[in-house]
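Note: the block below is protein-v6.pdb and it holds PDB, C-alpha atoms, pLDDT in the B column.
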ATOM      1  CA  ASN A   6       5.632 -34.904   7.363  1.00 61.00           C
ATOM      2  CA  ALA A   7       9.063 -34.305   5.808  1.00 82.00           C
ATOM      3  CA  ILE A   8      10.956 -36.411   8.385  1.00 90.00           C
ATOM      4  CA  ALA A   9      10.202 -40.013   9.346  1.00 92.00           C
ATOM      5  CA  TYR A  10      11.682 -43.054  11.089  1.00 91.00           C
ATOM      6  CA  ARG A  11      11.763 -46.502   9.515  1.00 94.00           C
ATOM      7  CA  LEU A  12       9.648 -48.703  11.783  1.00 94.00           C
ATOM      8  CA  ASN A  13      10.713 -52.147  10.561  1.00 94.00           C
ATOM      9  CA  GLY A  14      13.091 -53.982   8.299  1.00 91.00           C
ATOM     10  CA  PRO A  15      16.884 -54.050   8.425  1.00 91.00           C
ATOM     11  CA  GLN A  16      17.051 -50.253   8.687  1.00 91.00           C
ATOM     12  CA  ALA A  17      14.446 -49.925  11.457  1.00 93.00           C
ATOM     13  CA  GLY A  18      15.080 -46.779  13.474  1.00 91.00           C
ATOM     14  CA  ALA A  19      16.905 -45.024  10.648  1.00 94.00           C
ATOM     15  CA  LEU A  20      15.877 -41.409  10.063  1.00 93.00           C
ATOM     16  CA  ILE A  21      14.470 -40.565   6.640  1.00 94.00           C
ATOM     17  CA  ASP A  22      15.102 -36.903   5.853  1.00 94.00           C
ATOM     18  CA  PRO A  23      14.887 -36.298   2.087  1.00 91.00           C
ATOM     19  CA  ALA A  24      14.270 -32.529   2.376  1.00 91.00           C
ATOM     20  CA  GLY A  25      16.968 -31.614   4.878  1.00 91.00           C
ATOM     21  CA  GLY A  26      14.615 -31.115   7.780  1.00 92.00           C
ATOM     22  CA  ARG A  27      17.285 -31.704  10.418  1.00 93.00           C
ATOM     23  CA  ASP A  28      19.339 -28.830   9.060  1.00 94.00           C
ATOM     24  CA  ASP A  29      16.288 -26.559   9.155  1.00 95.00           C
ATOM     25  CA  LEU A  30      15.560 -27.574  12.740  1.00 94.00           C
ATOM     26  CA  ALA A  31      19.124 -26.759  13.721  1.00 95.00           C
ATOM     27  CA  ALA A  32      18.888 -23.396  11.944  1.00 96.00           C
ATOM     28  CA  GLY A  33      15.443 -22.581  13.377  1.00 97.00           C
ATOM     29  CA  LEU A  34      13.716 -22.391  10.001  1.00 96.00           C
ATOM     30  CA  VAL A  35      10.225 -23.258   8.782  1.00 97.00           C
ATOM     31  CA  ARG A  36      10.339 -24.317   5.129  1.00 95.00           C
ATOM     32  CA  VAL A  37       7.666 -25.581   2.740  1.00 94.00           C
ATOM     33  CA  LEU A  38       8.517 -28.383   0.338  1.00 91.00           C
ATOM     34  CA  HIS A  39       7.554 -26.905  -3.015  1.00 92.00           C
ATOM     35  CA  ALA A  40       6.610 -23.665  -4.727  1.00 92.00           C
ATOM     36  CA  GLY A  41       2.927 -24.581  -4.905  1.00 95.00           C
ATOM     37  CA  SER A  42       2.424 -25.292  -1.198  1.00 95.00           C
ATOM     38  CA  PHE A  43       0.740 -21.999  -0.337  1.00 97.00           C
ATOM     39  CA  ALA A  44      -0.899 -21.592  -3.735  1.00 94.00           C
ATOM     40  CA  ASP A  45      -2.518 -25.029  -3.377  1.00 95.00           C
ATOM     41  CA  ASP A  46      -3.715 -24.334   0.172  1.00 96.00           C
ATOM     42  CA  PRO A  47      -3.296 -20.767   1.528  1.00 96.00           C
ATOM     43  CA  SER A  48      -4.336 -21.952   5.012  1.00 97.00           C
ATOM     44  CA  ARG A  49      -0.820 -23.396   5.257  1.00 97.00           C
ATOM     45  CA  ILE A  50       0.392 -19.831   5.787  1.00 98.00           C
ATOM     46  CA  LEU A  51      -1.401 -19.741   9.149  1.00 98.00           C
ATOM     47  CA  ARG A  52       0.046 -23.126  10.037  1.00 97.00           C
ATOM     48  CA  ALA A  53       3.546 -21.953   9.124  1.00 97.00           C
ATOM     49  CA  VAL A  54       3.354 -18.806  11.269  1.00 98.00           C
ATOM     50  CA  ARG A  55       1.816 -20.798  14.136  1.00 98.00           C
ATOM     51  CA  TYR A  56       4.763 -23.175  14.209  1.00 97.00           C
ATOM     52  CA  ALA A  57       7.282 -20.368  13.731  1.00 98.00           C
ATOM     53  CA  ALA A  58       5.857 -18.427  16.675  1.00 97.00           C
ATOM     54  CA  ARG A  59       5.531 -21.492  18.922  1.00 97.00           C
ATOM     55  CA  LEU A  60       9.124 -22.625  18.310  1.00 97.00           C
ATOM     56  CA  GLY A  61      10.755 -19.212  17.995  1.00 97.00           C
ATOM     57  CA  PHE A  62      11.707 -20.061  14.388  1.00 97.00           C
ATOM     58  CA  SER A  63      11.793 -17.885  11.264  1.00 97.00           C
ATOM     59  CA  LEU A  64      10.328 -18.580   7.850  1.00 97.00           C
ATOM     60  CA  GLU A  65      13.008 -19.557   5.344  1.00 97.00           C
ATOM     61  CA  ARG A  66      13.664 -16.822   2.760  1.00 97.00           C
ATOM     62  CA  THR A  67      12.034 -18.491  -0.261  1.00 97.00           C
ATOM     63  CA  THR A  68       9.175 -19.735   1.913  1.00 97.00           C
ATOM     64  CA  THR A  69       8.624 -16.121   2.989  1.00 98.00           C
ATOM     65  CA  GLU A  70       8.495 -15.018  -0.656  1.00 97.00           C
ATOM     66  CA  TRP A  71       5.956 -17.699  -1.556  1.00 97.00           C
ATOM     67  CA  ALA A  72       3.862 -16.920   1.514  1.00 98.00           C
ATOM     68  CA  THR A  73       3.861 -13.212   0.707  1.00 98.00           C
ATOM     69  CA  ALA A  74       2.724 -13.939  -2.834  1.00 97.00           C
ATOM     70  CA  ALA A  75      -0.187 -16.072  -1.585  1.00 97.00           C
ATOM     71  CA  ALA A  76      -1.164 -14.097   1.544  1.00 97.00           C
ATOM     72  CA  GLY A  77      -3.929 -12.156  -0.190  1.00 96.00           C
ATOM     73  CA  ARG A  78      -5.696 -15.446  -0.933  1.00 96.00           C
ATOM     74  CA  VAL A  79      -6.043 -16.460   2.731  1.00 97.00           C
ATOM     75  CA  ASP A  80      -9.840 -16.283   2.855  1.00 97.00           C
ATOM     76  CA  PRO A  81     -11.317 -16.302   6.388  1.00 97.00           C
ATOM     77  CA  ALA A  82     -14.542 -17.775   4.981  1.00 97.00           C
ATOM     78  CA  ASN A  83     -12.663 -20.922   3.939  1.00 97.00           C
ATOM     79  CA  ALA A  84     -13.220 -23.808   6.365  1.00 97.00           C
ATOM     80  CA  ARG A  85      -9.540 -24.827   6.407  1.00 97.00           C
ATOM     81  CA  VAL A  86      -8.512 -21.235   7.138  1.00 98.00           C
ATOM     82  CA  GLY A  87     -11.074 -21.011   9.929  1.00 97.00           C
ATOM     83  CA  GLU A  88      -9.768 -24.201  11.530  1.00 97.00           C
ATOM     84  CA  GLU A  89      -6.135 -23.077  11.296  1.00 98.00           C
ATOM     85  CA  LEU A  90      -7.073 -19.708  12.776  1.00 97.00           C
ATOM     86  CA  ARG A  91      -8.842 -21.377  15.700  1.00 98.00           C
ATOM     87  CA  ARG A  92      -5.769 -23.496  16.391  1.00 98.00           C
ATOM     88  CA  LEU A  93      -3.509 -20.452  16.149  1.00 98.00           C
ATOM     89  CA  LEU A  94      -5.605 -18.479  18.633  1.00 98.00           C
ATOM     90  CA  HIS A  95      -5.202 -21.244  21.222  1.00 97.00           C
ATOM     91  CA  GLU A  96      -1.420 -20.798  21.172  1.00 97.00           C
ATOM     92  CA  GLU A  97       0.426 -18.919  23.887  1.00 95.00           C
ATOM     93  CA  GLN A  98       2.381 -17.124  21.155  1.00 96.00           C
ATOM     94  CA  ALA A  99      -0.742 -16.281  19.139  1.00 97.00           C
ATOM     95  CA  ALA A 100       0.037 -12.550  18.995  1.00 96.00           C
ATOM     96  CA  ALA A 101       3.484 -13.227  17.516  1.00 96.00           C
ATOM     97  CA  ALA A 102       1.983 -15.590  14.933  1.00 97.00           C
ATOM     98  CA  LEU A 103      -0.653 -13.037  13.924  1.00 97.00           C
ATOM     99  CA  ASP A 104       1.980 -10.339  13.680  1.00 96.00           C
ATOM    100  CA  LEU A 105       3.988 -12.487  11.280  1.00 97.00           C
ATOM    101  CA  ALA A 106       0.878 -13.263   9.217  1.00 97.00           C
ATOM    102  CA  ALA A 107       0.054  -9.546   8.991  1.00 96.00           C
ATOM    103  CA  ARG A 108       3.620  -8.756   7.878  1.00 96.00           C
ATOM    104  CA  LEU A 109       3.321 -11.404   5.178  1.00 97.00           C
ATOM    105  CA  GLY A 110       0.229  -9.571   3.912  1.00 97.00           C
ATOM    106  CA  VAL A 111      -2.794 -11.480   5.222  1.00 97.00           C
ATOM    107  CA  PRO A 112      -5.241  -8.576   4.743  1.00 96.00           C
ATOM    108  CA  TRP A 113      -7.871  -9.131   7.455  1.00 96.00           C
ATOM    109  CA  ILE A 114      -5.559  -9.332  10.460  1.00 96.00           C
ATOM    110  CA  CYS A 115      -5.205  -6.178  12.560  1.00 90.00           C
ATOM    111  CA  PRO A 116      -1.727  -4.913  11.688  1.00 83.00           C
ATOM    112  CA  ASP A 117      -0.847  -3.176  14.985  1.00 87.00           C
ATOM    113  CA  SER A 118       1.148  -5.908  16.712  1.00 87.00           C
ATOM    114  CA  ALA A 119       1.957  -3.880  19.843  1.00 91.00           C
ATOM    115  CA  THR A 120      -1.719  -3.154  20.475  1.00 92.00           C
ATOM    116  CA  LEU A 121      -2.651  -6.771  19.780  1.00 93.00           C
ATOM    117  CA  ARG A 122      -0.099  -8.056  22.285  1.00 94.00           C
ATOM    118  CA  ALA A 123      -1.358  -5.566  24.873  1.00 95.00           C
ATOM    119  CA  HIS A 124      -4.964  -6.629  24.318  1.00 96.00           C
ATOM    120  CA  PHE A 125      -4.134 -10.330  24.606  1.00 97.00           C
ATOM    121  CA  GLY A 126      -2.205  -9.698  27.820  1.00 96.00           C
ATOM    122  CA  ALA A 127      -5.005  -7.574  29.280  1.00 96.00           C
ATOM    123  CA  LEU A 128      -7.558 -10.220  28.300  1.00 96.00           C
ATOM    124  CA  ASP A 129      -5.645 -12.868  30.239  1.00 96.00           C
ATOM    125  CA  ASP A 130      -5.537 -10.563  33.260  1.00 95.00           C
ATOM    126  CA  VAL A 131      -9.278  -9.833  33.120  1.00 95.00           C
ATOM    127  CA  LEU A 132     -10.265 -13.491  32.699  1.00 95.00           C
ATOM    128  CA  ALA A 133      -8.101 -14.376  35.711  1.00 94.00           C
ATOM    129  CA  LEU A 134      -9.945 -11.977  38.033  1.00 91.00           C
ATOM    130  CA  PRO A 135     -12.191 -13.521  40.714  1.00 91.00           C
ATOM    131  CA  GLY A 136     -15.753 -13.701  39.458  1.00 88.00           C
ATOM    132  CA  ALA A 137     -14.856 -12.909  35.853  1.00 88.00           C
ATOM    133  CA  PRO A 138     -17.227 -14.467  33.287  1.00 87.00           C
ATOM    134  CA  GLN A 139     -15.786 -17.685  31.913  1.00 87.00           C
ATOM    135  CA  GLN A 140     -15.507 -17.032  28.205  1.00 90.00           C
ATOM    136  CA  PRO A 141     -13.510 -19.000  25.591  1.00 95.00           C
ATOM    137  CA  ARG A 142     -10.279 -17.057  25.298  1.00 96.00           C
ATOM    138  CA  TRP A 143      -9.628 -17.954  21.670  1.00 97.00           C
ATOM    139  CA  ALA A 144     -13.002 -16.588  20.516  1.00 97.00           C
ATOM    140  CA  LEU A 145     -12.459 -13.283  22.331  1.00 97.00           C
ATOM    141  CA  ARG A 146      -8.966 -13.086  20.874  1.00 98.00           C
ATOM    142  CA  LEU A 147     -10.567 -13.474  17.463  1.00 97.00           C
ATOM    143  CA  GLY A 148     -12.430 -10.204  17.979  1.00 97.00           C
ATOM    144  CA  PHE A 149      -9.205  -8.351  18.752  1.00 96.00           C
ATOM    145  CA  ALA A 150      -7.224 -10.026  15.962  1.00 96.00           C
ATOM    146  CA  MET A 151      -9.486  -9.473  12.954  1.00 96.00           C
ATOM    147  CA  ARG A 152     -10.606  -6.349  11.194  1.00 93.00           C
ATOM    148  CA  PRO A 153     -14.260  -5.881  12.269  1.00 91.00           C
ATOM    149  CA  GLU A 154     -15.678  -6.203   8.768  1.00 92.00           C
ATOM    150  CA  ALA A 155     -14.085  -9.655   8.385  1.00 95.00           C
ATOM    151  CA  ILE A 156     -15.502 -11.185  11.560  1.00 96.00           C
ATOM    152  CA  GLU A 157     -18.915 -11.873  10.011  1.00 95.00           C
ATOM    153  CA  HIS A 158     -17.346 -14.051   7.317  1.00 95.00           C
ATOM    154  CA  VAL A 159     -14.850 -16.143   9.296  1.00 97.00           C
ATOM    155  CA  ALA A 160     -15.468 -19.893   9.121  1.00 97.00           C
ATOM    156  CA  VAL A 161     -15.919 -20.680  12.806  1.00 97.00           C
ATOM    157  CA  ASP A 162     -19.037 -21.623  14.760  1.00 97.00           C
ATOM    158  CA  GLY A 163     -21.694 -18.940  14.976  1.00 96.00           C
ATOM    159  CA  TRP A 164     -21.369 -18.632  18.756  1.00 97.00           C
ATOM    160  CA  ALA A 165     -17.642 -17.917  18.339  1.00 97.00           C
ATOM    161  CA  ARG A 166     -18.348 -15.209  15.766  1.00 97.00           C
ATOM    162  CA  GLY A 167     -20.806 -13.707  18.227  1.00 97.00           C
ATOM    163  CA  LEU A 168     -18.220 -13.596  21.007  1.00 97.00           C
ATOM    164  CA  ALA A 169     -15.658 -12.139  18.620  1.00 97.00           C
ATOM    165  CA  ARG A 170     -18.149  -9.455  17.620  1.00 97.00           C
ATOM    166  CA  ASN A 171     -18.773  -8.649  21.286  1.00 96.00           C
ATOM    167  CA  ALA A 172     -15.019  -8.358  21.872  1.00 96.00           C
ATOM    168  CA  ALA A 173     -14.622  -6.006  18.923  1.00 95.00           C
ATOM    169  CA  GLU A 174     -17.387  -3.813  20.396  1.00 95.00           C
ATOM    170  CA  GLY A 175     -15.632  -3.560  23.754  1.00 95.00           C
ATOM    171  CA  ALA A 176     -13.997  -0.242  22.920  1.00 94.00           C
ATOM    172  CA  ASP A 177     -17.387   1.401  22.349  1.00 95.00           C
ATOM    173  CA  LEU A 178     -18.702   0.041  25.650  1.00 96.00           C
ATOM    174  CA  ALA A 179     -15.580   1.240  27.471  1.00 95.00           C
ATOM    175  CA  GLU A 180     -16.222   4.726  26.090  1.00 94.00           C
ATOM    176  CA  GLN A 181     -19.825   4.617  27.322  1.00 94.00           C
ATOM    177  CA  ILE A 182     -18.715   3.491  30.772  1.00 95.00           C
ATOM    178  CA  ALA A 183     -16.182   6.324  30.963  1.00 93.00           C
ATOM    179  CA  GLY A 184     -19.016   8.845  30.588  1.00 91.00           C
ATOM    180  CA  ILE A 185     -21.098   7.439  33.455  1.00 89.00           C
ATOM    181  CA  THR A 186     -21.087   9.328  36.756  1.00 86.00           C
ATOM    182  CA  ARG A 187     -23.481   7.320  38.952  1.00 90.00           C
ATOM    183  CA  PRO A 188     -23.263   3.663  40.049  1.00 91.00           C
ATOM    184  CA  SER A 189     -26.930   3.152  39.251  1.00 92.00           C
ATOM    185  CA  GLN A 190     -26.310   4.181  35.634  1.00 92.00           C
ATOM    186  CA  LEU A 191     -23.397   1.774  35.383  1.00 92.00           C
ATOM    187  CA  ASP A 192     -25.474  -1.056  36.811  1.00 92.00           C
ATOM    188  CA  ALA A 193     -28.313  -0.367  34.391  1.00 93.00           C
ATOM    189  CA  LEU A 194     -25.922  -0.352  31.426  1.00 94.00           C
ATOM    190  CA  LEU A 195     -24.069  -3.520  32.380  1.00 92.00           C
ATOM    191  CA  ARG A 196     -27.311  -5.448  32.865  1.00 92.00           C
ATOM    192  CA  THR A 197     -28.004  -5.032  29.131  1.00 94.00           C
ATOM    193  CA  GLN A 198     -24.564  -6.175  27.931  1.00 95.00           C
ATOM    194  CA  PRO A 199     -23.326  -9.653  26.983  1.00 95.00           C
ATOM    195  CA  PRO A 200     -20.584 -10.860  29.335  1.00 94.00           C
ATOM    196  CA  ALA A 201     -18.029 -11.037  26.507  1.00 96.00           C
ATOM    197  CA  ARG A 202     -18.562  -7.362  25.692  1.00 96.00           C
ATOM    198  CA  VAL A 203     -18.089  -6.414  29.347  1.00 95.00           C
ATOM    199  CA  VAL A 204     -14.852  -8.411  29.495  1.00 95.00           C
ATOM    200  CA  ALA A 205     -13.657  -6.675  26.333  1.00 96.00           C
ATOM    201  CA  ALA A 206     -14.568  -3.268  27.746  1.00 96.00           C
ATOM    202  CA  CYS A 207     -12.267  -4.001  30.685  1.00 95.00           C
ATOM    203  CA  VAL A 208      -9.535  -4.919  28.223  1.00 95.00           C
ATOM    204  CA  PHE A 209     -10.015  -1.498  26.675  1.00 94.00           C
ATOM    205  CA  GLY A 210      -9.588   0.143  30.075  1.00 92.00           C
ATOM    206  CA  ALA A 211     -13.098   0.340  31.520  1.00 91.00           C
ATOM    207  CA  THR A 212     -13.343   0.532  35.298  1.00 86.00           C
ATOM    208  CA  LEU A 213     -16.360  -1.216  36.831  1.00 81.00           C
ATOM    209  CA  VAL A 214     -15.859  -0.362  40.497  1.00 68.00           C
TER     210      VAL A 214
END

Before we go any further, please render this structure as structure tokens.
Amino acid sequence: NAIAYRLNGPQAGALIDPAGGRDDLAAGLVRVLHAGSFADDPSRILRAVRYAARLGFSLERTTTEWATAAAGRVDPANARVGEELRRLLHEEQAAAALDLAARLGVPWICPDSATLRAHFGALDDVLALPGAPQQPRWALRLGFAMRPEAIEHVAVDGWARGLARNAAEGADLAEQIAGITRPSQLDALLRTQPPARVVAACVFGATLV
């Protein structure tokens, strides 16, 4: 909202850029407009990292300082935070955005960026397999991205929290599958599991054939 075009009048078509947005675009920087931006609405931190990751930009130095100061107030139970998180998890560069948010100090995001990237990549591979259960990718990503204790409080639909919980439990299921020696045991176990948990188990390395 910091850049606009005049739509009518003698200066129609002129660019209005009071905050120097063109210079920031050229420099690849994401900048907030005032010191209270993140304090007024901490969900803006998730929006900032989403745009930075999508565009390959960096947060401007003072913007980074303000975001770091406010990161502890990004409450996943807040509806605006939940909506920004859902949008972020739809992005192709979601892992990079989450990594940046974790480095800023958002406390409920899993801090291991390498593992998160690997899980997101493996999830895409599993969901692309023939016959794989069709599950909303963003909700499964949520289970890998958040610390388990925070999932129950995140402001998304209940079904999405359920899928995220299943994804977070995938490691335990993968461990159970690794200890099975007979196909009949595997079949009996899988029949009791939600599809999202089975998908997540495959992400964690489970072999089903």

Can you give me, as a PyMOL selection string, the residues this file yields under the PyMOL selection byres ((chain A and resi 205-214) around 12)?
-> chain A and resi 120-132+134+137-138+140+142+144-149+168-192+194-195+198-204

Enumerate, as a PyMOL selection string, the residues matched when the PyMOL selection byres ((chain A and resi 25) around 12) is run on the file above.
-> chain A and resi 7-9+20-24+26-32+34-38

The PyMOL selection byres ((chain A and resi 97) around 12) resolved against shown file, as a PDB file with C-alpha atoms, in the frame of the given file:
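File result-v5.pdb, as written:
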ATOM      1  CA  ARG A  55       1.816 -20.798  14.136  1.00 98.00           C
ATOM      2  CA  TYR A  56       4.763 -23.175  14.209  1.00 97.00           C
ATOM      3  CA  ALA A  58       5.857 -18.427  16.675  1.00 97.00           C
ATOM      4  CA  ARG A  59       5.531 -21.492  18.922  1.00 97.00           C
ATOM      5  CA  LEU A  60       9.124 -22.625  18.310  1.00 97.00           C
ATOM      6  CA  GLY A  61      10.755 -19.212  17.995  1.00 97.00           C
ATOM      7  CA  ARG A  92      -5.769 -23.496  16.391  1.00 98.00           C
ATOM      8  CA  LEU A  93      -3.509 -20.452  16.149  1.00 98.00           C
ATOM      9  CA  LEU A  94      -5.605 -18.479  18.633  1.00 98.00           C
ATOM     10  CA  HIS A  95      -5.202 -21.244  21.222  1.00 97.00           C
ATOM     11  CA  GLU A  96      -1.420 -20.798  21.172  1.00 97.00           C
ATOM     12  CA  GLN A  98       2.381 -17.124  21.155  1.00 96.00           C
ATOM     13  CA  ALA A  99      -0.742 -16.281  19.139  1.00 97.00           C
ATOM     14  CA  ALA A 100       0.037 -12.550  18.995  1.00 96.00           C
ATOM     15  CA  ALA A 101       3.484 -13.227  17.516  1.00 96.00           C
ATOM     16  CA  ALA A 102       1.983 -15.590  14.933  1.00 97.00           C
ATOM     17  CA  LEU A 103      -0.653 -13.037  13.924  1.00 97.00           C
ATOM     18  CA  ARG A 122      -0.099  -8.056  22.285  1.00 94.00           C
ATOM     19  CA  PHE A 125      -4.134 -10.330  24.606  1.00 97.00           C
ATOM     20  CA  GLY A 126      -2.205  -9.698  27.820  1.00 96.00           C
ATOM     21  CA  ASP A 129      -5.645 -12.868  30.239  1.00 96.00           C
ATOM     22  CA  ARG A 142     -10.279 -17.057  25.298  1.00 96.00           C
ATOM     23  CA  TRP A 143      -9.628 -17.954  21.670  1.00 97.00           C
ATOM     24  CA  ARG A 146      -8.966 -13.086  20.874  1.00 98.00           C
TER      25      ARG A 146
END

One decimal, Å: what's the distance from CA of Pro153 (chain A) over to CA of Ala107 (chain A), could you say?
->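 Distance between the two atoms: 15.1 Å.
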
Pick from A:Gly77, A:Gly167, A:Pro15, A:Gly41, whichever lies nearest to Leu109 (chain A) using all atoms listed in the file |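 Selected residue with least distance to Leu109 (chain A): A:Gly77.
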
Residue list as a ChimeraX atom specification for point (-3.2, -23.3, 3.0), cut-off 12 Å, only C-alpha atoms | /A:37,41-54,71-72,75-81,83-90

Interatomic distance (Å, one decimal) between CA of Ala119 (chain A) and CA of Leu105 (chain A) |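 Straight-line distance from CA of Ala119 (chain A) to CA of Leu105 (chain A) works out to 12.3 Å.
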
CA of Trp113 (chain A) to CA of Pro141 (chain A), distance in Å rounded to a single decimal |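 If I compute the distance from CA of Trp113 (chain A) to CA of Pro141 (chain A), I get 21.4 Å.
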
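Shell of Ala19 (chain A) at 9 Å, with only C-alpha atoms counted and residues fewer than 4 places along the chain excluded, is Ala9, Tyr10, Arg11 and Leu12 of chain A.
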
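Nearest to Glu157 (chain A) of all the residues A:Ala133, A:Thr68, A:Ala82, A:Ala57 is A:Ala82, counting all atoms listed in the file.
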
Box for region 93-100 of chain A - axis-aligned, 3 Å on each of the six sides, all listed atoms - centre and size in Å to one decimal, as lines of an AutoDock Vina configuration file.
center_x = -1.6
center_y = -16.9
center_z = 20.0
size_x = 14.0
size_y = 14.7
size_z = 13.7
